[in-house]
Structure formats: C-alpha cells, structure tokens
$ cat coords30.cif   # mmCIF, C-alpha atoms
data_protein
#
loop_
_atom_site.group_PDB
_atom_site.id
_atom_site.type_symbol
_atom_site.label_atom_id
_atom_site.label_comp_id
_atom_site.auth_asym_id
_atom_site.auth_seq_id
_atom_site.Cartn_x
_atom_site.Cartn_y
_atom_site.Cartn_z
ATOM 1 C CA MET A 1 -144.855 106.817 -17.513
ATOM 2 C CA ASP A 2 -146.719 103.551 -16.866
ATOM 3 C CA ARG A 3 -147.398 103.107 -13.130
ATOM 4 C CA LEU A 4 -146.197 99.512 -13.138
ATOM 5 C CA ASP A 5 -143.030 100.860 -14.702
ATOM 6 C CA GLU A 6 -142.692 103.339 -11.842
ATOM 7 C CA LEU A 7 -142.960 100.524 -9.312
ATOM 8 C CA THR A 8 -140.324 98.526 -11.195
ATOM 9 C CA ILE A 9 -137.962 101.517 -11.090
ATOM 10 C CA PHE A 10 -138.668 102.092 -7.397
ATOM 11 C CA LEU A 11 -137.831 98.500 -6.456
ATOM 12 C CA GLU A 12 -134.668 98.581 -8.576
ATOM 13 C CA VAL A 13 -133.543 101.785 -6.844
ATOM 14 C CA LEU A 14 -133.883 99.990 -3.518
ATOM 15 C CA ASN A 15 -132.104 96.890 -4.845
ATOM 16 C CA GLN A 16 -129.212 98.902 -6.252
ATOM 17 C CA GLY A 17 -129.050 101.463 -3.457
ATOM 18 C CA SER A 18 -128.721 104.347 -5.891
ATOM 19 C CA LEU A 19 -130.518 106.130 -8.702
ATOM 20 C CA SER A 20 -127.556 105.753 -11.054
ATOM 21 C CA GLY A 21 -127.270 102.030 -10.339
ATOM 22 C CA ALA A 22 -130.953 101.519 -11.106
ATOM 23 C CA ALA A 23 -130.590 103.560 -14.310
ATOM 24 C CA ARG A 24 -127.722 101.366 -15.519
ATOM 25 C CA ARG A 25 -129.521 98.153 -14.592
ATOM 26 C CA LEU A 26 -132.758 99.140 -16.314
ATOM 27 C CA ARG A 27 -131.015 100.867 -19.240
ATOM 28 C CA ARG A 28 -132.792 104.132 -18.511
ATOM 29 C CA SER A 29 -131.468 107.648 -18.190
ATOM 30 C CA ALA A 30 -130.737 108.923 -14.679
ATOM 31 C CA PRO A 31 -133.242 111.812 -15.094
ATOM 32 C CA ALA A 32 -135.986 109.322 -16.039
ATOM 33 C CA VAL A 33 -135.346 107.335 -12.852
ATOM 34 C CA THR A 34 -135.351 110.522 -10.768
ATOM 35 C CA ARG A 35 -138.663 111.624 -12.322
ATOM 36 C CA ALA A 36 -140.244 108.229 -11.614
ATOM 37 C CA ILE A 37 -139.350 108.396 -7.921
ATOM 38 C CA ALA A 38 -140.521 112.001 -7.667
ATOM 39 C CA SER A 39 -143.820 111.085 -9.330
ATOM 40 C CA LEU A 40 -144.379 108.223 -6.883
ATOM 41 C CA GLU A 41 -143.609 110.431 -3.876
ATOM 42 C CA GLN A 42 -145.999 113.125 -5.130
ATOM 43 C CA ARG A 43 -148.746 110.564 -5.711
ATOM 44 C CA PHE A 44 -148.327 108.980 -2.252
ATOM 45 C CA GLY A 45 -147.805 112.280 -0.501
ATOM 46 C CA ALA A 46 -144.804 110.960 1.398
ATOM 47 C CA ARG A 47 -141.046 110.654 1.034
ATOM 48 C CA LEU A 48 -140.170 107.120 -0.042
ATOM 49 C CA VAL A 49 -136.356 107.115 0.029
ATOM 50 C CA GLU A 50 -133.697 108.846 2.081
ATOM 51 C CA ARG A 51 -130.081 109.361 1.094
ATOM 52 C CA THR A 52 -127.562 108.074 3.661
ATOM 53 C CA THR A 53 -123.830 108.623 3.519
ATOM 54 C CA ARG A 54 -123.340 105.586 1.291
ATOM 55 C CA ARG A 55 -126.618 104.709 -0.417
ATOM 56 C CA LEU A 56 -130.333 105.318 -0.718
ATOM 57 C CA ALA A 57 -132.562 103.613 1.824
ATOM 58 C CA PRO A 58 -136.363 103.339 2.017
ATOM 59 C CA THR A 59 -138.366 105.334 4.550
ATOM 60 C CA GLU A 60 -141.060 103.594 6.544
ATOM 61 C CA ALA A 61 -143.575 104.533 3.830
ATOM 62 C CA GLY A 62 -141.110 103.300 1.218
ATOM 63 C CA ILE A 63 -140.805 99.915 2.937
ATOM 64 C CA ARG A 64 -144.585 99.471 2.960
ATOM 65 C CA LEU A 65 -144.817 100.438 -0.707
ATOM 66 C CA ALA A 66 -141.949 98.117 -1.654
ATOM 67 C CA GLU A 67 -143.661 95.140 -0.014
ATOM 68 C CA ARG A 68 -146.899 95.780 -1.862
ATOM 69 C CA ALA A 69 -145.155 96.648 -5.136
ATOM 70 C CA ALA A 70 -143.266 93.335 -5.125
ATOM 71 C CA VAL A 71 -146.557 91.435 -4.800
ATOM 72 C CA VAL A 72 -148.290 93.497 -7.510
ATOM 73 C CA LEU A 73 -145.435 93.066 -10.003
ATOM 74 C CA SER A 74 -145.139 89.359 -9.258
ATOM 75 C CA HIS A 75 -148.836 88.835 -9.990
ATOM 76 C CA TYR A 76 -148.561 90.966 -13.132
ATOM 77 C CA HIS A 77 -145.584 89.006 -14.515
ATOM 78 C CA ASP A 78 -147.295 85.691 -13.693
ATOM 79 C CA ALA A 79 -150.419 86.775 -15.555
ATOM 80 C CA VAL A 80 -148.447 87.916 -18.604
ATOM 81 C CA GLN A 81 -146.301 84.774 -18.630
ATOM 82 C CA ASP A 82 -149.289 82.453 -18.297
ATOM 83 C CA THR A 83 -150.945 84.137 -21.269
ATOM 84 C CA ALA A 84 -147.800 84.267 -23.405
ATOM 85 C CA GLU A 85 -146.913 80.636 -22.851
ATOM 86 C CA THR A 86 -150.189 79.449 -24.318
ATOM 87 C CA GLN A 87 -150.176 81.613 -27.449
ATOM 88 C CA LEU A 88 -147.985 81.776 -30.528
ATOM 89 C CA ARG A 89 -149.241 85.108 -31.760
ATOM 90 C CA GLY A 90 -148.387 88.776 -31.916
ATOM 91 C CA LEU A 91 -145.704 90.826 -33.657
ATOM 92 C CA LEU A 92 -142.179 89.417 -34.023
ATOM 93 C CA ARG A 93 -139.451 91.838 -35.150
ATOM 94 C CA ILE A 94 -136.306 90.441 -36.788
ATOM 95 C CA THR A 95 -133.293 92.139 -38.356
ATOM 96 C CA ALA A 96 -130.478 90.813 -40.552
ATOM 97 C CA PRO A 97 -127.805 92.106 -42.973
ATOM 98 C CA VAL A 98 -129.315 93.004 -46.342
ATOM 99 C CA LEU A 99 -127.872 90.358 -48.660
ATOM 100 C CA PHE A 100 -127.715 87.557 -46.086
ATOM 101 C CA GLY A 101 -131.242 88.396 -45.002
ATOM 102 C CA ARG A 102 -132.557 88.464 -48.551
ATOM 103 C CA ARG A 103 -130.992 85.122 -49.439
ATOM 104 C CA HIS A 104 -131.348 83.137 -46.227
ATOM 105 C CA VAL A 105 -133.450 84.834 -43.538
ATOM 106 C CA ALA A 106 -136.428 85.972 -45.646
ATOM 107 C CA PRO A 107 -137.197 82.421 -46.916
ATOM 108 C CA LEU A 108 -136.903 81.209 -43.338
ATOM 109 C CA VAL A 109 -139.312 83.895 -42.125
ATOM 110 C CA MET A 110 -141.898 82.967 -44.756
ATOM 111 C CA GLU A 111 -141.673 79.288 -43.875
ATOM 112 C CA PHE A 112 -141.971 80.032 -40.161
ATOM 113 C CA GLN A 113 -144.968 82.303 -40.679
ATOM 114 C CA THR A 114 -146.709 79.572 -42.668
ATOM 115 C CA LEU A 115 -146.258 77.254 -39.691
ATOM 116 C CA HIS A 116 -147.494 79.935 -37.256
ATOM 117 C CA PRO A 117 -150.013 82.086 -39.154
ATOM 118 C CA GLU A 118 -151.089 84.074 -36.076
ATOM 119 C CA ILE A 119 -147.598 85.549 -35.718
ATOM 120 C CA GLN A 120 -147.049 88.781 -37.624
ATOM 121 C CA ILE A 121 -143.396 89.144 -38.653
ATOM 122 C CA GLU A 122 -141.546 92.350 -39.435
ATOM 123 C CA LEU A 123 -138.169 91.734 -41.119
ATOM 124 C CA ASN A 124 -135.823 94.733 -41.269
ATOM 125 C CA LEU A 125 -132.866 94.140 -43.613
ATOM 126 C CA ASN A 126 -130.141 96.578 -42.694
ATOM 127 C CA ASP A 127 -126.347 96.451 -42.852
ATOM 128 C CA ARG A 128 -126.253 98.726 -39.812
ATOM 129 C CA ASN A 129 -126.590 96.855 -36.522
ATOM 130 C CA LEU A 130 -129.899 98.005 -35.061
ATOM 131 C CA GLU A 131 -130.128 98.353 -31.282
ATOM 132 C CA LEU A 132 -132.489 95.652 -30.031
ATOM 133 C CA ILE A 133 -134.126 97.570 -27.200
ATOM 134 C CA GLU A 134 -134.186 101.018 -28.803
ATOM 135 C CA GLN A 135 -135.507 99.724 -32.140
ATOM 136 C CA GLY A 136 -137.869 97.176 -30.572
ATOM 137 C CA VAL A 137 -136.129 94.229 -32.260
ATOM 138 C CA ASP A 138 -136.702 90.726 -30.853
ATOM 139 C CA ILE A 139 -134.001 88.767 -32.720
ATOM 140 C CA ALA A 140 -131.040 89.793 -34.849
ATOM 141 C CA VAL A 141 -128.841 87.839 -37.228
ATOM 142 C CA ARG A 142 -125.394 89.414 -36.951
ATOM 143 C CA ILE A 143 -122.163 88.914 -38.863
ATOM 144 C CA GLY A 144 -119.181 89.901 -36.752
ATOM 145 C CA HIS A 145 -118.118 89.891 -33.127
ATOM 146 C CA LEU A 146 -120.601 90.991 -30.479
ATOM 147 C CA GLU A 147 -119.591 94.307 -28.913
ATOM 148 C CA ASP A 148 -122.278 94.447 -26.209
ATOM 149 C CA SER A 149 -121.665 91.738 -23.607
ATOM 150 C CA SER A 150 -125.170 92.195 -22.157
ATOM 151 C CA LYS A 151 -126.693 90.521 -25.218
ATOM 152 C CA VAL A 152 -126.911 86.767 -25.762
ATOM 153 C CA ALA A 153 -125.494 85.259 -28.951
ATOM 154 C CA ARG A 154 -125.467 81.749 -30.398
ATOM 155 C CA ARG A 155 -122.932 80.979 -33.103
ATOM 156 C CA LEU A 156 -124.420 79.631 -36.339
ATOM 157 C CA GLY A 157 -121.255 79.474 -38.433
ATOM 158 C CA GLU A 158 -118.616 81.776 -39.859
ATOM 159 C CA VAL A 159 -117.698 83.700 -42.980
ATOM 160 C CA HIS A 160 -114.349 84.758 -44.419
ATOM 161 C CA LEU A 161 -113.312 87.982 -46.089
ATOM 162 C CA VAL A 162 -112.177 86.671 -49.475
ATOM 163 C CA MET A 163 -110.426 88.401 -52.366
ATOM 164 C CA VAL A 164 -111.673 87.315 -55.783
ATOM 165 C CA ALA A 165 -111.419 88.006 -59.493
ATOM 166 C CA SER A 166 -112.795 86.485 -62.673
ATOM 167 C CA PRO A 167 -110.717 84.033 -64.760
ATOM 168 C CA ASP A 168 -110.953 86.456 -67.712
ATOM 169 C CA TYR A 169 -109.361 89.241 -65.675
ATOM 170 C CA LEU A 170 -106.628 86.998 -64.227
ATOM 171 C CA ALA A 171 -105.717 85.657 -67.675
ATOM 172 C CA ASP A 172 -103.955 88.964 -68.436
ATOM 173 C CA TYR A 173 -101.753 88.870 -65.318
ATOM 174 C CA GLU A 174 -99.201 86.674 -63.619
ATOM 175 C CA VAL A 175 -100.321 84.735 -60.544
ATOM 176 C CA ILE A 176 -100.566 87.039 -57.504
ATOM 177 C CA GLN A 177 -98.186 85.920 -54.746
ATOM 178 C CA HIS A 178 -98.404 88.785 -52.215
ATOM 179 C CA PRO A 179 -100.870 91.566 -51.320
ATOM 180 C CA ALA A 180 -98.295 94.218 -52.296
ATOM 181 C CA GLU A 181 -98.754 93.182 -55.942
ATOM 182 C CA LEU A 182 -102.264 94.679 -55.865
ATOM 183 C CA ALA A 183 -100.652 98.028 -56.688
ATOM 184 C CA HIS A 184 -100.344 96.759 -60.264
ATOM 185 C CA HIS A 185 -103.986 95.639 -60.514
ATOM 186 C CA GLN A 186 -107.376 97.202 -61.007
ATOM 187 C CA THR A 187 -109.347 97.056 -57.767
ATOM 188 C CA ILE A 188 -113.021 97.488 -57.022
ATOM 189 C CA LEU A 189 -113.813 98.751 -53.532
ATOM 190 C CA SER A 190 -116.775 99.403 -51.329
ATOM 191 C CA THR A 191 -117.389 103.044 -50.481
ATOM 192 C CA TYR A 192 -117.194 101.869 -46.851
ATOM 193 C CA ASP A 193 -113.572 100.680 -47.113
ATOM 194 C CA THR A 194 -111.672 102.882 -44.664
ATOM 195 C CA PHE A 195 -109.031 105.038 -46.371
ATOM 196 C CA ASN A 196 -109.273 102.792 -49.491
ATOM 197 C CA GLU A 197 -107.163 100.314 -47.548
ATOM 198 C CA TRP A 198 -107.281 96.525 -47.223
ATOM 199 C CA ARG A 199 -105.803 94.731 -44.229
ATOM 200 C CA PHE A 200 -104.432 91.239 -44.666
ATOM 201 C CA GLY A 201 -103.455 88.475 -42.260
ATOM 202 C CA ALA A 202 -104.861 87.219 -38.972
ATOM 203 C CA HIS A 203 -103.036 89.743 -36.769
ATOM 204 C CA GLU A 204 -102.813 93.517 -36.397
ATOM 205 C CA GLU A 205 -99.241 93.480 -37.728
ATOM 206 C CA GLY A 206 -100.348 91.904 -41.022
ATOM 207 C CA PRO A 207 -99.896 93.812 -44.281
ATOM 208 C CA ARG A 208 -102.007 96.935 -44.896
ATOM 209 C CA ILE A 209 -102.294 97.850 -48.546
ATOM 210 C CA ARG A 210 -103.401 101.332 -49.641
ATOM 211 C CA LEU A 211 -105.221 101.100 -52.974
ATOM 212 C CA ALA A 212 -106.148 103.410 -55.821
ATOM 213 C CA PRO A 213 -109.468 101.822 -56.836
ATOM 214 C CA HIS A 214 -110.749 102.041 -60.385
ATOM 215 C CA LEU A 215 -114.346 101.574 -59.246
ATOM 216 C CA LEU A 216 -116.182 102.136 -55.963
ATOM 217 C CA PHE A 217 -119.732 100.991 -55.198
ATOM 218 C CA ASN A 218 -121.880 101.171 -52.075
ATOM 219 C CA ASP A 219 -123.772 98.023 -53.083
ATOM 220 C CA VAL A 220 -122.473 94.460 -52.758
ATOM 221 C CA GLU A 221 -124.331 93.085 -55.754
ATOM 222 C CA THR A 222 -123.057 95.844 -58.043
ATOM 223 C CA ARG A 223 -119.476 95.146 -56.986
ATOM 224 C CA ARG A 224 -120.028 91.443 -57.633
ATOM 225 C CA LEU A 225 -121.365 92.104 -61.139
ATOM 226 C CA ALA A 226 -118.366 94.313 -61.901
ATOM 227 C CA VAL A 227 -115.953 91.572 -60.811
ATOM 228 C CA LEU A 228 -117.836 88.964 -62.852
ATOM 229 C CA ALA A 229 -117.516 91.296 -65.836
ATOM 230 C CA GLY A 230 -113.725 91.186 -65.466
ATOM 231 C CA LYS A 231 -113.336 94.774 -64.264
ATOM 232 C CA GLY A 232 -110.900 93.980 -61.465
ATOM 233 C CA ILE A 233 -110.306 92.454 -58.034
ATOM 234 C CA ALA A 234 -112.627 92.900 -55.064
ATOM 235 C CA ARG A 235 -113.231 91.510 -51.576
ATOM 236 C CA PHE A 236 -116.444 90.003 -50.277
ATOM 237 C CA LEU A 237 -117.739 88.025 -47.351
ATOM 238 C CA SER A 238 -117.491 84.420 -48.484
ATOM 239 C CA TYR A 239 -121.242 83.745 -48.431
ATOM 240 C CA GLN A 240 -121.771 86.609 -50.897
ATOM 241 C CA VAL A 241 -119.764 84.835 -53.630
ATOM 242 C CA ALA A 242 -120.080 81.195 -52.519
ATOM 243 C CA GLU A 243 -121.923 80.103 -55.674
ATOM 244 C CA ASP A 244 -119.491 81.967 -57.936
ATOM 245 C CA LEU A 245 -116.509 80.264 -56.293
ATOM 246 C CA ALA A 246 -118.205 76.875 -56.512
ATOM 247 C CA ASP A 247 -118.953 77.129 -60.241
ATOM 248 C CA GLY A 248 -115.608 78.736 -61.113
ATOM 249 C CA THR A 249 -116.917 82.068 -62.396
ATOM 250 C CA LEU A 250 -114.777 83.700 -59.692
ATOM 251 C CA GLN A 251 -111.437 82.605 -58.284
ATOM 252 C CA ARG A 252 -110.262 83.084 -54.711
ATOM 253 C CA LEU A 253 -106.915 84.868 -54.307
ATOM 254 C CA LEU A 254 -104.321 84.750 -51.514
ATOM 255 C CA PRO A 255 -106.334 82.661 -48.989
ATOM 256 C CA ALA A 256 -103.250 82.419 -46.761
ATOM 257 C CA TYR A 257 -103.417 86.212 -46.202
ATOM 258 C CA GLU A 258 -107.089 86.404 -45.266
ATOM 259 C CA PRO A 259 -108.122 87.911 -41.899
ATOM 260 C CA LEU A 260 -109.608 85.686 -39.217
ATOM 261 C CA PRO A 261 -113.160 84.508 -40.002
ATOM 262 C CA LEU A 262 -116.154 86.417 -38.661
ATOM 263 C CA PRO A 263 -118.875 84.618 -36.676
ATOM 264 C CA VAL A 264 -122.455 84.508 -37.911
ATOM 265 C CA GLN A 265 -124.651 84.762 -34.825
ATOM 266 C CA LEU A 266 -128.225 84.791 -33.664
ATOM 267 C CA VAL A 267 -128.637 87.539 -31.049
ATOM 268 C CA VAL A 268 -131.293 88.380 -28.447
ATOM 269 C CA GLN A 269 -131.295 90.755 -25.507
ATOM 270 C CA ASN A 270 -132.283 88.196 -22.878
ATOM 271 C CA ILE A 271 -132.592 84.438 -23.260
ATOM 272 C CA GLN A 272 -134.195 83.828 -19.873
ATOM 273 C CA ARG A 273 -137.480 85.655 -20.485
ATOM 274 C CA MET A 274 -138.077 85.148 -24.173
ATOM 275 C CA PRO A 275 -141.762 85.174 -25.156
ATOM 276 C CA LEU A 276 -142.926 81.937 -26.733
ATOM 277 C CA LYS A 277 -143.028 83.451 -30.246
ATOM 278 C CA VAL A 278 -139.394 84.581 -29.908
ATOM 279 C CA ARG A 279 -138.256 81.233 -28.509
ATOM 280 C CA ALA A 280 -140.023 79.413 -31.327
ATOM 281 C CA PHE A 281 -138.238 81.413 -34.034
ATOM 282 C CA TRP A 282 -134.926 81.245 -32.130
ATOM 283 C CA ASP A 283 -135.041 77.426 -32.150
ATOM 284 C CA PHE A 284 -136.322 77.276 -35.738
ATOM 285 C CA ALA A 285 -133.639 79.646 -37.060
ATOM 286 C CA ARG A 286 -130.796 77.949 -35.160
ATOM 287 C CA GLU A 287 -131.701 74.556 -36.610
ATOM 288 C CA ARG A 288 -132.010 75.788 -40.195
ATOM 289 C CA LEU A 289 -129.214 78.348 -40.420
ATOM 290 C CA THR A 290 -126.557 76.088 -38.917
ATOM 291 C CA GLN A 291 -127.110 73.796 -41.908
ATOM 292 C CA LEU A 292 -126.194 76.462 -44.478
ATOM 293 C CA PRO A 293 -123.025 75.409 -46.342
ATOM 294 C CA GLU A 294 -122.292 79.094 -47.051
ATOM 295 C CA ILE A 295 -121.414 79.760 -43.402
ATOM 296 C CA GLN A 296 -119.529 76.602 -42.603
ATOM 297 C CA CYS A 297 -115.749 76.324 -42.529
ATOM 298 C CA LEU A 298 -114.205 77.468 -45.833
ATOM 299 C CA LYS A 299 -110.937 75.711 -46.508
ATOM 300 C CA GLY A 300 -108.229 77.468 -48.462
ATOM 301 C CA LYS A 301 -107.328 76.245 -51.923
#
$ encode --input "coords30.cif" --output "structure tokens"
Amino acid sequence: MDRLDELTIFLEVLNQGSLSGAARRLRRSAPAVTRAIASLEQRFGARLVERTTRRLAPTEAGIRLAERAAVVLSHYHDAVQDTAETQLRGLLRITAPVLFGRRHVAPLVMEFQTLHPEIQIELNLNDRNLELIEQGVDIAVRIGHLEDSSKVARRLGEVHLVMVASPDYLADYEVIQHPAELAHHQTILSTYDTFNEWRFGAHEEGPRIRLAPHLLFNDVETRRLAVLAGKGIARFLSYQVAEDLADGTLQRLLPAYEPLPLPVQLVVQNIQRMPLKVRAFWDFARERLTQLPEIQCLKGK
C-alpha cells in the first residue's frame, strides 16, 4: 500500500474514532484499514492507537505522527492541485449507455478532444452501470434514477418509455384503447424484460400485462428494425425512436399509460475535487447535452 495512503487511513481512523467508520468513509474494506494501521505501527515500532470503551484514541506517538501526517498530506495535495489546475492533460474515462453514447456522447467526446488534444479519452459504452471508483471512471452519463446518494448528478433532460408500432402493422388492427388489448397483438420484447411483462401507468398499482412475445432480441437496434418491418409492437426509450416518431415511420401508442419519465443525468463521484480535465468535460457536456431535443419533454399525442 502507498505510504501516503497509509497516512490518510490513519488520520481518518482518528477522525472517525473507529476502524469501521474509517473504512466506510474511505470506501475501503475493514481488513484493509486494519492492515494499514498495523503496517504503520510496525514501521514506527510503537503503538499508535488505543481502544477505549467507546472509540479509538491516539497514543502519544500517534498524536505526534498525526500532526506530522496532516502537514505532509496538506503539502502533497497542494502540490498535486497546483499542477492539475494548470494542465488540461492526462487520461479521462467516460461511460454512457451504448446507443445513447454512440449517437450523442461519442461525437461530443471527439469534439472535446479536438479542443484539448493533450487529453486522452477512454469512452466505455455499456448498458450496465459501471461503478465509478471501482472501474476508474471519471464521468458517467446515466439514464434512470441515481441509487447511490454519495454520487453527484446533474439532470440533463428526461426520456419516456414509449410503446410503438409501424403504420403498416397497425393498419390490420383496430385502434388500441387499453394495455389489456396487447394480448391480441404480436409483441417484440427485449430479453431483459422481466417475466415478459410490461408495466403501465405512473404508479405501482398501474396495469401489469403479461405477454407472449413473438420475437425477443437483446439488441435495441434489432428490435427497432423488426418494428419498422411491421413485425409487431415494442417499447423503447423515447430517444431511441425519436426520429422514427418525427417522420411517421413509427406511431406512439397509449401515451396516457406510460410510466413516469426517467432522468438523463451526468454523474461524478465528487464535484468538489474534480481535476481540471474532468471539470472541463463536465461543463462542456452539460452545455451540449441539455440542448438535445431527444431528451427534452415529450408531450403526448
């Protein structure tokens, strides 16, 4: 373990008064924190903390080390910050959902890199939400509500879960008035649809319709092509079929029964200590992505 890292852990143990508290604060495992303290005590040849009835407290040697460690870490962070604030360079890791990233984030990344050629950018398109710290990701574009309250998110817009079909397919059927009528239609589902079931309405008590799909695909674009070919009804996030709805090649069905919209968000782990390269892309992406018509309010028709 890095020795500066050991000092950081030691000071956090004193601040929190416990090994477990420091582990939670630093997002480390409790054994890792214990090993760091043991390593420091072995190196200094003295006990640095004592356990009281309620919390851990520093020994006399621990107090002296804490005073010096605080100065060392302060100088280290000042040196790093001074260097970072004068340079737009280094590796910037970004993640986004596959289709949204391909259509909207990748062009943004290329434009940004042209403006800042000394920044190397790694874009990971993945429909699974990557953990920022564990995967070393600086910024994420997320669709959906944020589950981890420790992260910082800025809303860019929203998308709706829309049900669509082609005019050719609908020409053979009467107008659909209620989700229950889907039992008489051909449906095209994602392999990720839980129990082949669609939920409708803005509340938990809204209709849940169990389907017997004619086709299932694990790929959004393949499902879209099947719907365009008149093979049945499917559901998409509104940005995925925005152009098709605008030019009339797909028609939106039952907008009054759609679930609540999902936020599109820009996410970082910590907004207070963002390196300059991260802050630069954060500001650039917020300005550009909030202008996308595909993630602005979609009114029902």
$ closest_atom_pairs --input "coords30.cif" --of "region 82-171 of chain A" --to "region 22-28 of chain A" --cutoff "12 Å" --atoms "all atoms listed in the file" --output "tab-separated table"
residue	atom	partner	partner_atom	distance
A:Ile133	CA	A:Arg27	CA	9.2
A:Glu134	CA	A:Arg27	CA	10.1
A:Ser150	CA	A:Arg25	CA	10.6
$ resolve_selection --input "coords30.cif" --expression "the PyMOL selection byres ((chain A and resi 91) around 9)" --output "compact mmCIF listing (two decimals) with C-alpha atoms, in the frame of the given file"
# COMPACT_ATOMS: atom_id res chain seq x y z
CA ARG A 89 -149.24 85.11 -31.76
CA GLY A 90 -148.39 88.78 -31.92
CA LEU A 92 -142.18 89.42 -34.02
CA ARG A 93 -139.45 91.84 -35.15
CA GLU A 118 -151.09 84.07 -36.08
CA ILE A 119 -147.60 85.55 -35.72
CA GLN A 120 -147.05 88.78 -37.62
CA ILE A 121 -143.40 89.14 -38.65
CA GLU A 122 -141.55 92.35 -39.44
CA LYS A 277 -143.03 83.45 -30.25
$ closest_residue --input "coords30.cif" --among "A:Tyr239, A:Trp198, A:Phe281, A:Phe44" --to "Pro293 (chain A)" --atoms "only C-alpha atoms"
A:Tyr239
$ closest_residue --input "coords30.cif" --among "A:Ala46, A:Ile9, A:Val164, A:Ile63" --to "Ser29 (chain A)" --atoms "all atoms listed in the file"
A:Ile9
$ atom_distance --input "coords30.cif" --atom1 "CA of Ser166 (chain A)" --atom2 "CA of Arg210 (chain A)"
21.9 Å
$ closest_residue --input "coords30.cif" --among "A:Val268, A:Ile188, A:Leu4, A:Leu14" --to "Val152 (chain A)" --atoms "all atoms listed in the file"
A:Val268
$ atom_distance --input "coords30.cif" --atom1 "CA of Arg3 (chain A)" --atom2 "CA of Glu131 (chain A)"
25.5 Å
$ atom_distance --input "coords30.cif" --atom1 "CA of Tyr192 (chain A)" --atom2 "CA of Arg224 (chain A)"
15.3 Å
$ resolve_selection --input "coords30.cif" --expression "the PyMOL selection byres ((chain A and resi 123) around 6)" --output "ChimeraX atom specification"
/A:94-95,122,124
$ residues_around --input "coords30.cif" --residues "Glu6 (chain A)" --least-positions-apart "3" --cutoff "8 Å" --atoms "all atoms listed in the file" --output "PDB file with C-alpha atoms, in the frame of the given file"
ATOM      1  CA  MET A   1    -144.855 106.817 -17.513  1.00  0.00           C
ATOM      2  CA  ASP A   2    -146.719 103.551 -16.866  1.00  0.00           C
ATOM      3  CA  ARG A   3    -147.398 103.107 -13.130  1.00  0.00           C
ATOM      4  CA  ILE A   9    -137.962 101.517 -11.090  1.00  0.00           C
ATOM      5  CA  PHE A  10    -138.668 102.092  -7.397  1.00  0.00           C
ATOM      6  CA  ALA A  36    -140.244 108.229 -11.614  1.00  0.00           C
ATOM      7  CA  ILE A  37    -139.350 108.396  -7.921  1.00  0.00           C
ATOM      8  CA  LEU A  40    -144.379 108.223  -6.883  1.00  0.00           C
TER       9      LEU A  40
END
$ decode --input "coords30.cif" --residues "region 203-253 of chain A" --atoms "C-alpha atoms" --output "PDB file, in the first residue's frame"
ATOM      1  CA  HIS A 203     -47.856   4.309 -10.119  1.00  0.00           C
ATOM      2  CA  GLU A 204     -47.159   0.839  -8.742  1.00  0.00           C
ATOM      3  CA  GLU A 205     -50.863  -0.036  -8.952  1.00  0.00           C
ATOM      4  CA  GLY A 206     -50.931   0.596 -12.715  1.00  0.00           C
ATOM      5  CA  PRO A 207     -51.709  -2.261 -15.101  1.00  0.00           C
ATOM      6  CA  ARG A 208     -49.174  -5.093 -15.474  1.00  0.00           C
ATOM      7  CA  ILE A 209     -49.560  -7.031 -18.689  1.00  0.00           C
ATOM      8  CA  ARG A 210     -48.011 -10.490 -19.124  1.00  0.00           C
ATOM      9  CA  LEU A 211     -47.119 -11.035 -22.782  1.00  0.00           C
ATOM     10  CA  ALA A 212     -46.407 -13.950 -25.083  1.00  0.00           C
ATOM     11  CA  PRO A 213     -43.846 -12.300 -27.382  1.00  0.00           C
ATOM     12  CA  HIS A 214     -43.418 -13.411 -30.969  1.00  0.00           C
ATOM     13  CA  LEU A 215     -39.845 -12.118 -31.073  1.00  0.00           C
ATOM     14  CA  LEU A 216     -37.212 -11.385 -28.427  1.00  0.00           C
ATOM     15  CA  PHE A 217     -33.919  -9.574 -29.038  1.00  0.00           C
ATOM     16  CA  ASN A 218     -31.111  -8.486 -26.728  1.00  0.00           C
ATOM     17  CA  ASP A 219     -30.241  -5.564 -29.011  1.00  0.00           C
ATOM     18  CA  VAL A 220     -32.171  -2.292 -29.252  1.00  0.00           C
ATOM     19  CA  GLU A 221     -31.413  -1.654 -32.904  1.00  0.00           C
ATOM     20  CA  THR A 222     -32.557  -5.130 -33.941  1.00  0.00           C
ATOM     21  CA  ARG A 223     -35.853  -4.653 -32.115  1.00  0.00           C
ATOM     22  CA  ARG A 224     -36.289  -1.286 -33.821  1.00  0.00           C
ATOM     23  CA  LEU A 225     -35.701  -2.793 -37.271  1.00  0.00           C
ATOM     24  CA  ALA A 226     -38.241  -5.528 -36.544  1.00  0.00           C
ATOM     25  CA  VAL A 227     -40.867  -2.953 -35.548  1.00  0.00           C
ATOM     26  CA  LEU A 228     -40.131  -0.856 -38.642  1.00  0.00           C
ATOM     27  CA  ALA A 229     -40.627  -4.011 -40.704  1.00  0.00           C
ATOM     28  CA  GLY A 230     -44.155  -4.326 -39.301  1.00  0.00           C
ATOM     29  CA  LYS A 231     -43.461  -7.392 -37.158  1.00  0.00           C
ATOM     30  CA  GLY A 232     -45.284  -6.130 -34.079  1.00  0.00           C
ATOM     31  CA  ILE A 233     -45.372  -3.727 -31.134  1.00  0.00           C
ATOM     32  CA  ALA A 234     -42.379  -2.913 -28.948  1.00  0.00           C
ATOM     33  CA  ARG A 235     -41.291  -0.451 -26.260  1.00  0.00           C
ATOM     34  CA  PHE A 236     -38.270   1.817 -26.373  1.00  0.00           C
ATOM     35  CA  LEU A 237     -36.787   4.756 -24.554  1.00  0.00           C
ATOM     36  CA  SER A 238     -38.072   7.769 -26.454  1.00  0.00           C
ATOM     37  CA  TYR A 239     -34.653   8.949 -27.657  1.00  0.00           C
ATOM     38  CA  GLN A 240     -34.107   5.571 -29.349  1.00  0.00           C
ATOM     39  CA  VAL A 241     -37.037   6.123 -31.749  1.00  0.00           C
ATOM     40  CA  ALA A 242     -37.269   9.936 -31.750  1.00  0.00           C
ATOM     41  CA  GLU A 243     -36.502  10.258 -35.472  1.00  0.00           C
ATOM     42  CA  ASP A 244     -38.931   7.468 -36.380  1.00  0.00           C
ATOM     43  CA  LEU A 245     -41.740   9.156 -34.443  1.00  0.00           C
ATOM     44  CA  ALA A 246     -40.923  12.518 -36.004  1.00  0.00           C
ATOM     45  CA  ASP A 247     -41.035  11.243 -39.594  1.00  0.00           C
ATOM     46  CA  GLY A 248     -44.059   8.993 -39.024  1.00  0.00           C
ATOM     47  CA  THR A 249     -42.394   5.647 -39.728  1.00  0.00           C
ATOM     48  CA  LEU A 250     -43.432   4.637 -36.198  1.00  0.00           C
ATOM     49  CA  GLN A 251     -46.504   5.630 -34.220  1.00  0.00           C
ATOM     50  CA  ARG A 252     -46.674   6.107 -30.462  1.00  0.00           C
ATOM     51  CA  LEU A 253     -49.361   4.080 -28.669  1.00  0.00           C
TER      52      LEU A 253
END
